[in-house]
Structures are given as structure tokens and as C-alpha cells.
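*Asks:* One structure, as C-alpha cells, below. Some questions next.
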Amino acid sequence: MTTPDVPHRSGFACFVGRPNTGKSTLTNALVGSKVAITSSKPQTTRHAIRGIVAREDAQLILVDTPGLHRPRTLLGQRLNDVVRSTWSEVDVIGFCVPANEKIGPGDRFIATELVKLSRHTPVVGVVTKTDLATRQQVADQLVALQDVMEFADLIPVSAVDNFQVDALADVLVARLPEGPQLYPDGELTDEPEATLIAELIREAALEGVRDELPHSIAVTVEEIVPRADRDDLLDIYANLYVERDSQKGIVLGHKGERLREVGATARRQIAALLGSKIYLHLHVKVAKDWQRDPKQLRRLGF
């Protein structure tokens with residue numbers, strides 16, 4: 001229950017920044033559960049996954065968007081459209097810049113977009129990954145960020161060390177409008193289970209594959225069904241799509257070993273998500289040049 005003199009706040013926030021600046025990791029740290037795909041590969045987030053931070057005084061809904069980038073394919077353009085439409089609908093934006101990397105053209109490109117929004121939507125500067133930087137580097141980055149644009153607030157954080165994660169939540173909540181809960185108690189995300197399962201499979205597939213593959217992998221979950229003779233087991237049928245036959249070989253690995261590893265990693269994550277034993281039926285298929293084909297993009301959920 002909220003105390004009478006503290007109004008309950010609720011609303012939407014999103015983290016923006018160039019790819020691989022720690023946005024998804026921060027979302028997961030704030031929510032306290034794995035709702036956003038995290039990978040060392042840039043541009044891995046494709047859906048605006050929402051994570052819900054529930055507190056006595058507030059409900060903060062985090063929208064995890066793809067990184068804004070200069071697009072080279074139709075998929076790239078669609079991802080950028082997702083980003084811009086999300087930005088225009090949230091109550092507060094966190095602009096993420098890593099503490100251990102110099103501010104570059106990619107950051108400035110995003111800042112120019114954010115300046116237009118900052119007249120009506122507060123933008124908080126978030127210096128991420130402070131665990132990878134010295135105190136001096138963190139201080140220098142905060143100063144450097146002030147030259148990029150005018151922020152409603154500036155805060156350094158580390159999702160890995162849990163440094164100032166709660167303080168960041170306070171900063172974001174303070175900028176939400178007063179209002180009731182938007183989602184029921186206990187919910188962490190409003191994404192359908194199939195979307196989260198597909199993301200976990202794609203994350204497992206991305207780890208350790210060659211650099212040319214991240215954008216070429218898509219996953220669809222075809223069916224989630226309880227095993228007929230067992231009430232404690234779910235069968236999940238999923239397809240993993242690549243764009244070329246040569247990529248299929250990379251994902252399968254020698255005698256299918258790589259795919260077995262992907263399946264085992266994804267299965268552990270999915271079982272934890274669903275709280276149930278699962279059997280994952282995973283097939284690799286080729287959808288030729290799907291990133292450039294509007295019909296195939298639609299079929300794969302973009």
C-alpha cells in the first residue's frame with residue numbers, strides 16, 4: 001500500500017543509445033529478471049520488450065528498443081521505425097553511454113534526435129558499465145556528456161555490480177505522471193511467452209557464431225503443447241531461420257554439435273522462464289535474404 005502523502009506514479013521509460021551500450025542488461029537488472037535479450041553482438045534487440053518494475057510507490061514499465069543505427073536493409077529501416085515510434089510514446093528516456101568508451105559520432109547522431117524530443121519528454125543521461133572504468137573515467141564521461149545535450153539528470157550506473165540501479169529507478173520514477181498500476185501484481189513483462197522463448201533461442205544461437213550472422217538469424221515458435229502422457233512436460237517446436245545455406249552449416253556445426261549446444265542453453269533458460277520441464281524441438285531452415293523481403297519479414301514477425 002502507498003502512504004497517503006506519497007502519490008503513486010506509473011508510466012513508461014525506455015533506454016536508448018547506440019548498439020551494445022548496456023540497455024538490455026540494465027532493463028534486466030531493474031526488473032530483476034531476464035526479460036530482454038542480452039548479447040555481446042550489437043543490434044540484437046528487435047522487439048520493444050517491456051519489463052515491469054513494481055514498487056509500492058510506482059510502476060515503471062521499461063520498453064527495450066533496438067539500437068538506433070544507420071540502416072542498410074529493410075529490416076534496419078523497420079527497426080529504426082520501432083525506435084522512433086517508441087521514443088515518442090514514453091514518459092522519460094534514459095540515454096546510455098558506456099563509461100569506458102569515448103563519446104563518438106553514433107552517440108551524437110542519437111543526441112540530435114533526442115534534442116527534438118527533450119522539449120516535451122525528459123531525457124536522463126546514464127553512464128553505464130562503470131565497473132569497466134576508473135572513477136576518473138566515470139567523472140570525465142559525466143562532464144563530456146553535459147556537452148552533448150542538456151539532460152534532465154545525469155547518473156552513473158553498473159548493472160553488473162548493481163551500482164546505483166535503485167537510484168536510477170528513483171530518477172526515472174520521479175519523472176512519471178501520477179497514476180494507478182497499469183499491470184497486475186507479479187507481472188514482469190507483457191510480452192507473449194512465445195516471443196520471449198523465441199528471443200531466448202535467438203540469444204543462445206548468437207553466442208559464439210561468427211560476426212556475419214547476428215542479423216541473419218530469426219526464430220519463430222510454431223507450437224507450445226503439453227506432452228500427452230505427462231503433465232510436467234511441455235513440447236516446444238521452433239524454427240531457426242538463416243538467409244543462406246552456408247549459414248545453416250555454421251549454426252548446425254560439426255555433426256550438429258553447435259545446434260545441440262544452442263538447444264541445451266535455450267532449454268535451461270526457457271525452463272526457468274516457464275517454471276516447467278521442456279523438450280525443445282529445434283529446426284534450422286533457410287529463408288533466402290529474408291531481411292530484404294517485405295513478405296518474409298512479415299511472416300517472421302517484423
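By convention here, the chains of the C-alpha cells are called A, B, ... in the order presented, each chain's residues are numbered starting at 1, and ligands are numbered starting at 1 in the order presented.
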Enumerate, in order of chain and increasing residue number, the residues of segment 72-109 of chain A with an atom no farther than 10 Å from segment 124-144 of chain A, each with its shortest atom pair and distance in Å to one decimal, counting only C-alpha atoms, as CSV.
*Replies:*
```
residue,atom,partner,partner_atom,distance
A:Val92,CA,A:Val124,CA,7.5
A:Ile93,CA,A:Val124,CA,6.1
A:Gly94,CA,A:Val124,CA,4.7
A:Phe95,CA,A:Gly125,CA,5.0
A:Cys96,CA,A:Val126,CA,4.8
A:Val97,CA,A:Val127,CA,5.1
A:Pro98,CA,A:Thr128,CA,4.5
A:Ala99,CA,A:Val138,CA,5.4
A:Asn100,CA,A:Ala133,CA,5.2
A:Glu101,CA,A:Gln141,CA,8.6
A:Lys102,CA,A:Gln141,CA,7.8
A:Ile103,CA,A:Ala144,CA,7.7
```
*Asks:* Generate the output file for the selected residues, N, CA, C and O atoms, as a JSON list (two decimals), in the first residue's frame.
*Replies:*
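For reference, selection-v5.json as written:
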```
[["chain", "number", "residue", "atom", "x", "y", "z"],
["A", 92, "VAL", "N", 9.68, 9.13, -20.05],
["A", 92, "VAL", "CA", 11.05, 9.54, -19.76],
["A", 92, "VAL", "C", 12.00, 8.63, -20.54],
["A", 92, "VAL", "O", 11.71, 7.46, -20.78],
["A", 93, "ILE", "N", 13.12, 9.20, -20.97],
["A", 93, "ILE", "CA", 14.09, 8.46, -21.78],
["A", 93, "ILE", "C", 15.43, 8.46, -21.06],
["A", 93, "ILE", "O", 15.88, 9.49, -20.55],
["A", 94, "GLY", "N", 16.08, 7.30, -21.02],
["A", 94, "GLY", "CA", 17.44, 7.22, -20.49],
["A", 94, "GLY", "C", 18.41, 7.02, -21.65],
["A", 94, "GLY", "O", 18.29, 6.05, -22.40],
["A", 95, "PHE", "N", 19.34, 7.97, -21.82],
["A", 95, "PHE", "CA", 20.32, 7.91, -22.91],
["A", 95, "PHE", "C", 21.59, 7.26, -22.38],
["A", 95, "PHE", "O", 22.28, 7.82, -21.54],
["A", 96, "CYS", "N", 21.89, 6.04, -22.84],
["A", 96, "CYS", "CA", 23.00, 5.24, -22.29],
["A", 96, "CYS", "C", 24.30, 5.42, -23.07],
["A", 96, "CYS", "O", 24.33, 5.24, -24.29],
["A", 97, "VAL", "N", 25.35, 5.75, -22.34],
["A", 97, "VAL", "CA", 26.69, 5.87, -22.91],
["A", 97, "VAL", "C", 27.64, 5.13, -21.97],
["A", 97, "VAL", "O", 27.66, 5.42, -20.77],
["A", 98, "PRO", "N", 28.44, 4.17, -22.47],
["A", 98, "PRO", "CA", 29.34, 3.44, -21.57],
["A", 98, "PRO", "C", 30.44, 4.34, -21.00],
["A", 98, "PRO", "O", 30.94, 5.23, -21.69],
["A", 99, "ALA", "N", 30.81, 4.06, -19.74],
["A", 99, "ALA", "CA", 31.83, 4.86, -19.06],
["A", 99, "ALA", "C", 33.20, 4.67, -19.67],
["A", 99, "ALA", "O", 34.05, 5.56, -19.62],
["A", 100, "ASN", "N", 33.42, 3.50, -20.29],
["A", 100, "ASN", "CA", 34.77, 3.15, -20.75],
["A", 100, "ASN", "C", 35.00, 3.40, -22.23],
["A", 100, "ASN", "O", 35.98, 2.95, -22.80],
["A", 101, "GLU", "N", 34.06, 4.10, -22.90],
["A", 101, "GLU", "CA", 34.23, 4.39, -24.33],
["A", 101, "GLU", "C", 34.04, 5.88, -24.58],
["A", 101, "GLU", "O", 33.14, 6.49, -24.04],
["A", 102, "LYS", "N", 34.89, 6.43, -25.44],
["A", 102, "LYS", "CA", 34.77, 7.86, -25.79],
["A", 102, "LYS", "C", 33.44, 8.11, -26.49],
["A", 102, "LYS", "O", 32.95, 7.27, -27.24],
["A", 103, "ILE", "N", 32.86, 9.27, -26.24],
["A", 103, "ILE", "CA", 31.63, 9.65, -26.94],
["A", 103, "ILE", "C", 31.97, 9.85, -28.41],
["A", 103, "ILE", "O", 32.93, 10.56, -28.74]]
```
*Asks:* Once DSSP has gone over the backbone, tell me which residues of segment 76-249 of chain A are in strand (DSSP E), as a short mmCIF file (atom, residue, chain, number, x, y, z; two decimals) with C-alpha atoms, in the first residue's frame.
*Replies:*
```cif
data_model
loop_
_atom_site.label_atom_id
_atom_site.label_comp_id
_atom_site.auth_asym_id
_atom_site.auth_seq_id
_atom_site.Cartn_x
_atom_site.Cartn_y
_atom_site.Cartn_z
CA VAL A 92 11.05 9.54 -19.76
CA ILE A 93 14.09 8.46 -21.78
CA GLY A 94 17.44 7.22 -20.49
CA PHE A 95 20.32 7.91 -22.91
CA CYS A 96 23.00 5.24 -22.29
CA VAL A 97 26.69 5.87 -22.91
CA PRO A 98 29.34 3.44 -21.57
CA VAL A 123 15.98 12.78 -21.12
CA VAL A 124 18.25 11.38 -18.39
CA GLY A 125 21.93 10.82 -19.21
CA VAL A 126 23.00 7.34 -18.00
CA VAL A 127 26.71 6.48 -17.87
CA THR A 128 26.69 2.65 -17.99
CA ASP A 153 19.51 14.46 -14.82
CA LEU A 154 22.82 12.57 -15.07
CA ILE A 155 23.62 9.31 -13.28
CA PRO A 156 26.42 6.69 -13.44
CA ALA A 218 15.36 -15.16 -36.87
CA VAL A 219 13.36 -17.55 -34.70
CA THR A 220 9.69 -18.46 -34.77
CA VAL A 221 7.95 -20.60 -32.16
CA GLU A 222 5.44 -22.77 -34.02
CA GLU A 223 3.81 -24.61 -31.12
CA ILE A 224 3.90 -25.00 -27.32
CA VAL A 225 1.97 -28.11 -26.26
CA PRO A 226 1.76 -30.19 -23.06
CA LEU A 233 6.48 -31.54 -19.60
CA LEU A 234 5.96 -29.08 -22.45
CA ASP A 235 6.97 -29.73 -26.06
CA ILE A 236 8.16 -26.59 -27.82
CA TYR A 237 8.58 -26.62 -31.60
CA ALA A 238 10.69 -23.79 -33.00
CA ASN A 239 12.35 -22.89 -36.30
CA LEU A 240 15.62 -21.01 -36.54
CA TYR A 241 15.94 -19.18 -39.87
CA VAL A 242 19.12 -18.09 -41.64
#
```
*Asks:* Taking only C-alpha atoms into account, name the residue in A:Ser85, A:Thr65, A:Leu75, A:Val115 that is nearest to Arg298 of chain A.
*Replies:*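 Checking each candidate against Arg298 of chain A, we get A:Leu75 as the closest.
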*Asks:* So which residues touch Arg55 of chain A within 10 Å, counting only C-alpha atoms, skipping near sequence neighbours fewer than 5 positions away, as a PyMOL selection string?
*Replies:* chain A and resi 1-2+8-10+60+169+173+181+185
*Asks:* Measuring between only C-alpha atoms, which one of A:Asp107, A:Glu193, A:Asp293, A:Glu89 shows the shortest distance to Gly11 of chain A?
*Replies:*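 Of A:Asp107, A:Glu193, A:Asp293, A:Glu89, the one nearest Gly11 of chain A is A:Glu89, counting only C-alpha atoms.
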*Asks:* Using only C-alpha atoms, which residues sit within 12 Å of Leu297 of chain A once same-chain residues fewer than 5 positions away are excluded, as a list in words?
*Replies:* Arg46, Thr73, Leu74, Leu75, Gly76, Gln77, Arg78, Leu79, Ser216, Ile217, Ala218, Val219, Thr220, Tyr241, Glu243, Ala287, Lys288, Asp289, Trp290, Gln291, Arg292 and Phe302 of chain A
*Asks:* How would you write, as number ranges by chain, the set of residues in segment 44-219 of chain A that DSSP gives as alpha helix (DSSP H)?
*Replies:* A: 74-87, 105-117, 135-146, 165-173, 193-206
*Asks:* Could you check the closest approach to Gly263 of chain A for each of A:Leu62, A:Ala54, A:Ile201, A:Leu26 and tell me which residue wins, using only C-alpha atoms?
*Replies:*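 Once distances to Gly263 of chain A are computed over only C-alpha atoms, the minimum belongs to A:Ile201.
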*Asks:* I'd like the neighbourhood of Lys248 of chain A as a ChimeraX atom specification, where a residue qualifies if any of its atoms comes within 8 Å (using only C-alpha atoms), though same-chain residues fewer than 6 positions away should be ignored.
*Replies:* /A:242,284-286
*Asks:* Next, the residues of the selection above should be written as a PDB file, in the first residue's frame with N, CA and C atoms.
*Replies:*
```pdb
ATOM      1  N   VAL A 242      17.954 -18.844 -41.168  1.00  0.00           N
ATOM      2  CA  VAL A 242      19.125 -18.085 -41.644  1.00  0.00           C
ATOM      3  C   VAL A 242      18.862 -17.728 -43.103  1.00  0.00           C
ATOM      4  N   VAL A 284      16.635 -25.913 -38.154  1.00  0.00           N
ATOM      5  CA  VAL A 284      17.262 -24.781 -38.865  1.00  0.00           C
ATOM      6  C   VAL A 284      16.754 -24.773 -40.298  1.00  0.00           C
ATOM      7  N   LYS A 285      16.247 -23.621 -40.729  1.00  0.00           N
ATOM      8  CA  LYS A 285      15.725 -23.502 -42.095  1.00  0.00           C
ATOM      9  C   LYS A 285      16.351 -22.296 -42.790  1.00  0.00           C
ATOM     10  N   VAL A 286      16.371 -22.333 -44.122  1.00  0.00           N
ATOM     11  CA  VAL A 286      16.896 -21.214 -44.900  1.00  0.00           C
ATOM     12  C   VAL A 286      15.727 -20.418 -45.472  1.00  0.00           C
TER      13      VAL A 286
END
```
*Asks:* Taking 4 positions as the minimum chain separation for residues in the same chain, which residues sit within 8 Å of Ala205 of chain A when counting only C-alpha atoms? Answer as a list in words.
*Replies:*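 Final neighbour list, sorted by chain and number: Ile201, Val209, Val251, Leu259 and Val262 of chain A.
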